[in-house]
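Colleague: Please find input11.txt (compact mmCIF, C-alpha atoms) on the next line:
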# COMPACT_ATOMS: atom_id res chain seq x y z
CA MET D 18 122.65 84.38 69.62
CA LEU D 19 120.00 84.22 72.31
CA GLN D 20 122.72 83.68 74.90
CA MET D 21 124.44 86.86 73.78
CA LEU D 22 121.21 88.86 73.97
CA MET D 23 120.48 87.59 77.47
CA SER D 24 123.95 88.61 78.61
CA ARG D 25 123.51 92.08 77.21
CA ARG D 26 120.27 92.40 79.11
CA CYS D 27 121.97 91.14 82.26
CA ARG D 28 124.71 93.74 81.87
CA HIS D 29 122.14 96.48 81.44
CA VAL D 30 120.17 95.33 84.44
CA MET D 31 123.25 95.03 86.63
CA ARG D 32 124.17 98.62 85.79
CA VAL D 33 120.82 99.98 86.94
CA LEU D 34 120.05 97.39 89.60
CA GLN D 35 120.83 99.45 92.68
CA SER D 36 119.04 102.48 91.29
CA TYR D 37 116.05 100.29 90.57
CA LEU D 38 116.04 98.93 94.12
CA ASP D 39 116.24 102.50 95.40
CA GLY D 40 113.24 103.49 93.31
CA GLU D 41 115.32 105.93 91.31
CA VAL D 42 114.70 104.74 87.75
CA ASP D 43 111.94 105.75 85.37
CA ALA D 44 108.89 103.56 84.90
CA GLN D 45 110.06 102.08 81.61
CA THR D 46 113.41 101.00 83.02
CA ALA D 47 111.72 99.65 86.13
CA ASP D 48 109.45 97.48 84.00
CA VAL D 49 112.39 96.12 82.04
CA VAL D 50 114.33 95.34 85.19
CA ALA D 51 111.38 93.79 87.00
CA ALA D 52 110.61 91.53 84.05
CA HIS D 53 114.21 90.45 83.71
CA LEU D 54 114.59 89.70 87.41
CA GLU D 55 111.71 87.27 87.17
CA ASP D 56 113.38 85.37 84.35
CA CYS D 57 117.04 85.56 85.21
CA ARG D 58 118.24 83.48 88.13
CA ARG D 59 121.61 85.19 88.46
CA CYS D 60 120.29 88.73 88.32
CA GLY D 61 117.45 87.77 90.61
CA LEU D 62 119.90 86.51 93.21
CA GLU D 63 122.00 89.63 92.87
CA ALA D 64 118.93 91.77 93.41
CA ALA D 65 117.94 89.71 96.43
CA THR D 66 121.43 90.15 97.90
CA TYR D 67 121.45 93.92 97.46
CA GLU D 68 117.94 93.97 98.85
CA ALA D 69 119.12 92.02 101.88
CA ILE D 70 121.94 94.51 102.38
CA LYS D 71 119.45 97.37 102.35
CA VAL D 72 117.23 95.50 104.77
CA ALA D 73 120.12 94.87 107.14
CA ILE D 74 121.08 98.54 107.08
CA ALA D 75 117.49 99.80 107.31
CA SER D 76 116.99 97.68 110.42
CA ARG D 77 119.36 100.07 112.09
CA ILE D 78 116.65 102.70 112.21
CA GLU D 79 116.49 103.28 115.89
CA GLY D 80 113.44 104.07 117.90
CA GLY D 81 113.04 107.60 119.19
CA ARG D 82 113.83 109.52 116.05
CA VAL D 83 110.39 109.11 114.58
CA PRO D 84 107.57 108.91 117.09
CA VAL D 85 105.16 106.12 116.29
CA ASP D 86 101.85 107.15 117.74
CA ALA D 87 99.78 104.68 119.68
CA ALA D 88 96.70 105.17 117.49
CA THR D 89 98.60 104.09 114.38
CA LEU D 90 100.00 101.03 116.09
CA ASP D 91 96.57 100.13 117.44
CA ARG D 92 95.09 100.33 113.97
CA LEU D 93 97.83 98.17 112.52
CA HIS D 94 97.45 95.58 115.26
CA ALA D 95 93.71 95.54 114.67
CA PHE D 96 94.38 95.10 110.97
CA VAL D 97 96.57 92.07 111.62
CA ALA D 98 93.97 90.57 113.90
CA SER D 99 91.25 91.11 111.34
CA LEU D 100 93.04 89.50 108.42
CA GLU D 101 90.77 86.72 107.42
CA TYR D 102 92.22 83.28 107.60
CA ASP D 103 92.49 82.96 103.86
CA GLY D 104 94.61 86.09 103.68
CA ARG D 105 92.05 88.49 102.31
CA ALA D 106 92.03 92.00 103.61
CA PRO D 107 88.88 92.91 105.48
CA SER D 108 86.36 94.72 103.27
CA MET T 17 103.12 75.38 108.24
CA GLY T 18 100.74 74.13 105.59
CA GLU T 19 99.43 71.46 107.91
CA ALA T 20 98.36 73.88 110.61
CA GLY T 21 94.77 74.98 110.82
CA PRO T 22 93.76 78.58 110.13
CA ALA T 23 93.80 79.58 113.78
CA GLU T 24 97.33 78.26 114.21
CA ARG T 25 98.48 79.97 111.05
CA HIS T 26 97.00 83.22 112.19
CA ALA T 27 98.65 82.91 115.59
CA ALA T 28 102.01 82.13 113.97
CA PHE T 29 101.62 85.12 111.70
CA GLU T 30 100.88 87.42 114.62
CA SER T 31 103.91 86.09 116.47
CA TYR T 32 106.14 87.05 113.54
CA VAL T 33 104.55 90.40 112.86
CA VAL T 34 103.77 91.97 116.22
CA PRO T 35 107.41 92.34 117.35
CA GLU T 36 108.28 94.01 114.05
CA MET T 37 105.34 96.35 113.76
CA GLN T 38 107.07 99.53 114.90
CA LEU T 39 110.08 98.90 112.72
CA LEU T 40 107.88 98.17 109.70
CA TYR T 41 106.02 101.40 110.23
CA ARG T 42 109.21 103.43 110.70
CA VAL T 43 110.75 102.03 107.53
CA ALA T 44 107.48 102.60 105.67
CA LEU T 45 107.46 106.19 106.88
CA ARG T 46 111.00 106.63 105.66
CA LEU T 47 110.07 105.19 102.31
CA THR T 48 106.85 107.11 101.76
CA GLY T 49 107.38 110.29 103.76
CA GLN T 50 103.71 110.40 104.76
CA PRO T 51 102.00 108.75 107.75
CA ALA T 52 98.88 107.80 105.80
CA ASP T 53 100.93 106.30 102.97
CA ALA T 54 103.16 104.52 105.47
CA GLU T 55 100.20 102.90 107.13
CA ASP T 56 98.84 101.90 103.73
CA LEU T 57 102.15 100.38 102.75
CA VAL T 58 102.39 98.41 105.98
CA GLN T 59 98.87 97.07 105.49
CA ASP T 60 99.60 95.95 101.93
CA THR T 61 102.80 94.35 103.18
CA LEU T 62 100.90 92.49 105.89
CA VAL T 63 98.38 91.16 103.38
CA ARG T 64 101.13 89.94 101.06
CA ALA T 65 103.07 88.42 103.91
CA TYR T 66 99.99 86.63 105.17
CA ARG T 67 99.33 85.17 101.74
CA ALA T 68 102.96 84.03 101.53
CA LEU T 69 103.02 82.56 105.01
CA ASP T 70 103.05 78.96 103.79
CA ARG T 71 106.29 79.61 101.94
CA PHE T 72 108.00 81.17 104.95
CA ASP T 73 110.22 78.84 106.90
CA GLY T 74 110.03 80.88 110.10
CA ALA T 75 113.61 82.07 109.96
CA TYR T 76 114.42 85.78 110.23
CA PRO T 77 110.92 87.25 110.19
CA ARG T 78 112.30 90.77 110.30
CA ALA T 79 114.20 90.35 107.06
CA TRP T 80 111.26 88.53 105.48
CA LEU T 81 108.83 91.31 106.34
CA LEU T 82 111.16 94.17 105.46
CA THR T 83 111.91 92.63 102.08
CA ILE T 84 108.23 92.29 101.31
CA LEU T 85 107.67 95.86 102.46
CA ARG T 86 110.38 97.23 100.23
CA ASN T 87 109.31 95.15 97.25
CA THR T 88 105.73 96.28 97.74
CA HIS T 89 106.91 99.85 97.77
CA ILE T 90 108.96 99.38 94.60
CA ASN T 91 106.07 97.64 92.86
CA ARG T 92 103.81 100.55 93.63
CA GLY T 93 105.91 102.77 91.46
CA ARG T 94 108.84 104.41 93.12
CA ARG T 95 109.21 107.07 95.71
CA GLN T 96 106.26 109.31 96.23
CA ARG T 97 108.30 112.31 97.21
CA PRO T 98 108.41 115.23 97.15
CA LEU T 99 104.75 115.88 97.76
CA LEU T 100 104.55 118.51 95.06
CA LEU T 101 105.23 115.92 92.38
CA ARG T 102 102.55 113.48 93.45
CA THR T 103 99.79 112.94 90.98
CA ASP T 104 96.88 110.56 90.72
CA ASP T 105 99.05 108.41 88.49
CA LEU T 106 100.94 107.34 91.56
CA ALA T 107 97.83 106.16 93.38
CA VAL T 108 97.74 102.47 94.07
CA THR T 109 94.53 100.78 93.07
CA ASP T 110 95.63 97.19 93.08
CA VAL T 111 97.80 95.33 95.55
CA GLY T 112 99.00 93.11 92.75
CA PRO T 113 100.08 89.49 92.63
CA VAL T 114 102.08 88.25 95.56
CA ARG T 115 104.44 86.31 93.34
CA ASP T 116 106.02 89.50 92.03
CA SER T 117 107.07 90.77 95.36
CA VAL T 118 107.77 87.96 97.76
CA PRO T 119 111.22 86.44 97.68
CA SER T 120 111.89 82.86 98.49
CA SER T 121 113.70 82.81 101.80
CA GLU T 122 116.14 80.24 100.52
CA ASP T 123 117.37 82.50 97.74
CA VAL T 124 119.47 84.65 100.00
CA VAL T 125 120.97 83.27 103.14
CA LEU T 126 120.10 85.72 105.84
CA SER T 127 121.37 85.33 109.31
CA GLU T 128 122.52 87.31 112.24
CA GLN T 129 125.95 86.78 110.76
CA PHE T 130 124.77 88.43 107.57
CA GLU T 131 123.59 91.51 109.37
CA GLY T 132 126.76 91.53 111.47
CA VAL T 133 128.99 91.41 108.41
CA VAL T 134 126.98 94.14 106.70
CA VAL T 135 127.21 96.43 109.71
CA GLU T 136 130.91 95.72 110.06
CA ALA T 137 131.55 96.32 106.38
CA LEU T 138 129.54 99.53 106.56
CA ALA T 139 131.65 100.77 109.46
CA ALA T 140 134.81 99.92 107.52
CA LEU T 141 133.86 102.14 104.60
CA SER T 142 135.33 105.55 104.17
CA ASP T 143 133.32 108.37 105.77
CA GLN T 144 132.24 109.52 102.33
CA HIS T 145 130.80 106.16 101.33
CA ARG T 146 129.26 105.38 104.66
CA LEU T 147 127.54 108.74 104.97
CA VAL T 148 125.77 108.42 101.65
CA ILE T 149 124.54 104.94 102.54
CA GLU T 150 123.24 106.21 105.86
CA LEU T 151 121.43 109.10 104.22
CA VAL T 152 119.73 106.90 101.65
CA ASP T 153 119.19 103.62 103.50
CA ILE T 154 118.60 104.87 107.04
CA GLU T 155 117.33 108.41 106.64
CA GLY T 156 115.48 107.43 103.50
CA LEU T 157 116.56 110.36 101.38
CA SER T 158 116.31 110.23 97.62
CA TYR T 159 119.47 110.57 95.54
CA GLN T 160 118.55 114.18 94.85
CA GLU T 161 117.86 114.97 98.48
CA ALA T 162 121.13 113.37 99.53
CA ALA T 163 122.94 115.35 96.85
CA GLU T 164 121.47 118.60 98.15
CA ARG T 165 122.25 117.68 101.74
CA LEU T 166 125.88 116.96 100.86
CA GLY T 167 126.29 119.72 98.31
CA VAL T 168 127.45 117.35 95.59
CA PRO T 169 126.00 116.31 92.22
CA ARG T 170 123.42 113.54 92.10
CA GLY T 171 125.85 111.45 90.07
CA THR T 172 128.37 111.64 92.91
CA VAL T 173 125.78 110.36 95.33
CA MET T 174 125.05 107.48 92.97
CA SER T 175 128.63 106.45 92.48
CA ARG T 176 129.54 106.67 96.18
CA LEU T 177 126.41 104.83 97.17
CA HIS T 178 126.74 102.06 94.63
CA ARG T 179 130.44 101.60 95.22
CA GLY T 180 129.96 101.53 98.96
CA ARG T 181 127.31 98.86 98.71
CA ALA T 182 129.40 96.91 96.21
CA ARG T 183 132.14 96.81 98.81
CA ILE T 184 129.74 95.46 101.36
CA ARG T 185 128.67 92.91 98.77
CA SER T 186 132.32 91.86 98.28
CA ARG T 187 132.77 91.47 101.98
CA LEU T 188 129.79 89.15 102.06
CA LYS T 189 131.24 87.13 99.21
CA THR T 190 134.59 86.75 100.96
CA THR T 191 132.94 85.64 104.16
CA GLY T 192 130.85 83.22 102.12
CA LEU T 193 127.57 84.56 103.41
CA ALA T 194 125.90 85.56 100.17
CA ARG T 195 125.60 82.17 98.60
CA ARG T 196 123.79 81.07 95.53
CA ARG T 197 121.02 78.68 96.12
CA VAL T 198 122.18 75.15 95.50
CA THR T 199 120.81 74.05 92.15
CA ARG T 200 118.95 70.79 92.07
The structure given in the file should be rewritten as structure tokens.
Modeller:
Amino acid sequence: MLQMLMSRRCRHVMRVLQSYLDGEVDAQTADVVAAHLEDCRRCGLEAATYEAIKVAIASRIEGGRVPVDAATLDRLHAFVASLEYDGRAPS
Amino acid sequence: MGEAGPAERHAAFESYVVPEMQLLYRVALRLTGQPADAEDLVQDTLVRAYRALDRFDGAYPRAWLLTILRNTHINRGRRQRPLLLRTDDLAVTDVGPVRDSVPSSEDVVLSEQFEGVVVEALAALSDQHRLVIELVDIEGLSYQEAAERLGVPRGTVMSRLHRGRARIRSRLKTTGLARRRVTR
């Protein structure tokens, strides 16, 4: 019985998985999916794979289209440098 | 990595992050639509990545960082666009536990081959499918924005997008690149 319920949840999650990863589901659905992905190995792997596909495609964003101003980069570099060794953000 | 002292860890972290900083910011800007939000998102990502450094095997830092960035964005509660719809409810007050957002690098095998196959599979898609993926994953449009840009219903965007990606997924399966982690 429990097996059957888990499969139904998996089917539901698989249907909305890409939308979830795109941030296009409502909060309630997102919570359900997020919780399930933590518990379900198979769905978690599927999510990680689709995520990796998005990452690979997003890496194709070329420089030049969006100017990244020097001040922003400087701030981010300073932020990295200031991260305390135990991983806390600077106060 | 766990054996290294704090200075070494910090230096290793900087070596992974610095080359990817511009890309992280650009992707964050695509995701959030706002420079201030983008910077915020990158900072949260950096904090999470730093905390997860011990679990990172050093392979494919770009993919590692981008995945954390995107998971951080999702965990914050979806797209914050268009501006008119933003409310205080969408404000982030807590970075949240790292465990929710950081994948284990062994869960998905990522490699240059992976990216190569994805790009190849993307190019092999029909114009219709490829265009939607480019609009959403590269331009960073929402489903609705892509629908308006293309002059088609939102549902059409969804089905083309999801099918296109599913084809890429199949290609990865056939080339054996998207493997399950070996169970112990």
Colleague: May I ask for the distance between CA of Gln50 (chain T) and CA of Val34 (chain T), given in Å to one decimal place?
Modeller: 21.7 Å
Colleague: Find, counting all atoms listed in the file, the residue in T:Pro22, T:Pro35, T:Gly156, T:Gly74 that gets nearest to Ala75 (chain D).
Modeller: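 Nearest to Ala75 (chain D): T:Gly156.
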Colleague: State, in Å with one decimal place, the distance from CA of Arg25 (chain D) to CA of Leu38 (chain D).
Modeller: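 Rounded to one decimal, the two atoms are 19.7 Å apart.
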Colleague: CA of Trp80 (chain T) to CA of Arg183 (chain T): how many Å, to one decimal?
Modeller: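 A separation of 23.4 Å between them.
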Colleague: Using all atoms listed in the file, which residue out of D:Gln45, D:Ala52, D:Gly40, D:Ala88 lies closest to chain T?
Modeller: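 Smallest separation from chain T among the options: D:Gly40.
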Colleague: List the neighbours of Val85 (chain D) out to 10 Å using all atoms listed in the file; skip same-chain residues closer than 4 positions along the sequence, and give me the result as a ChimeraX atom specification.
Modeller: /D:80-81,89-90 /T:38-39,41-42,45,51
Colleague: Please, could you write that set of residues out with C-alpha atoms as a tab-separated table (two decimals), keeping the file's coordinate frame?
Modeller:
chain	number	residue	atom	x	y	z
D	80	GLY	CA	113.44	104.07	117.90
D	81	GLY	CA	113.04	107.60	119.19
D	89	THR	CA	98.60	104.09	114.38
D	90	LEU	CA	100.00	101.03	116.09
T	38	GLN	CA	107.07	99.53	114.90
T	39	LEU	CA	110.08	98.90	112.72
T	41	TYR	CA	106.02	101.40	110.23
T	42	ARG	CA	109.21	103.43	110.70
T	45	LEU	CA	107.46	106.19	106.88
T	51	PRO	CA	102.00	108.75	107.75
Colleague: Write out as an MDAnalysis selection string each polymer residue whose atoms come within 10 Å of Glu68 (chain D), counting only C-alpha atoms; drop sequence neighbours fewer than 5 positions from it.
Modeller: (chainID D and resid 35 38:39 62:63 73:74) or (chainID T and resid 79 82:83 86:87 124)
Colleague: Which is closest to chain T among D:Val72, D:Leu34, D:Val49, D:Cys60, if we use only C-alpha atoms?
Modeller: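 Of D:Val72, D:Leu34, D:Val49, D:Cys60, the one nearest chain T is D:Val72, counting only C-alpha atoms.
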Colleague: Near Ser142 (chain T), within 12 Å and counting only C-alpha atoms, which residues show up once chain neighbours fewer than 3 positions away are dropped, as a PyMOL selection string?
Modeller: chain T and resi 137-139+145-149+176-177+179-181+183-184
Colleague: With all atoms listed in the file as the basis for distance, which of T:Leu81, T:Ile90, T:Ala44, T:Ala27 is at the shortest distance from Ala51 (chain D)?
Modeller: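 Closest to Ala51 (chain D) of all the choices is T:Ile90.
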Colleague: Within 12 Å of (95.1, 92.6, 118.1) (coordinates as in the file), grab all the protein and nucleic acid residues, counting only C-alpha atoms, and write them out as a list of chain:residue names.
Modeller: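 It turns out the residues near that spot are D:Leu90, D:Asp91, D:Arg92, D:Leu93, D:His94, D:Ala95, D:Phe96, D:Val97, D:Ala98, D:Ser99, D:Leu100, T:His26, T:Ala27, T:Phe29, T:Glu30, T:Ser31, T:Val33, T:Val34, T:Met37.
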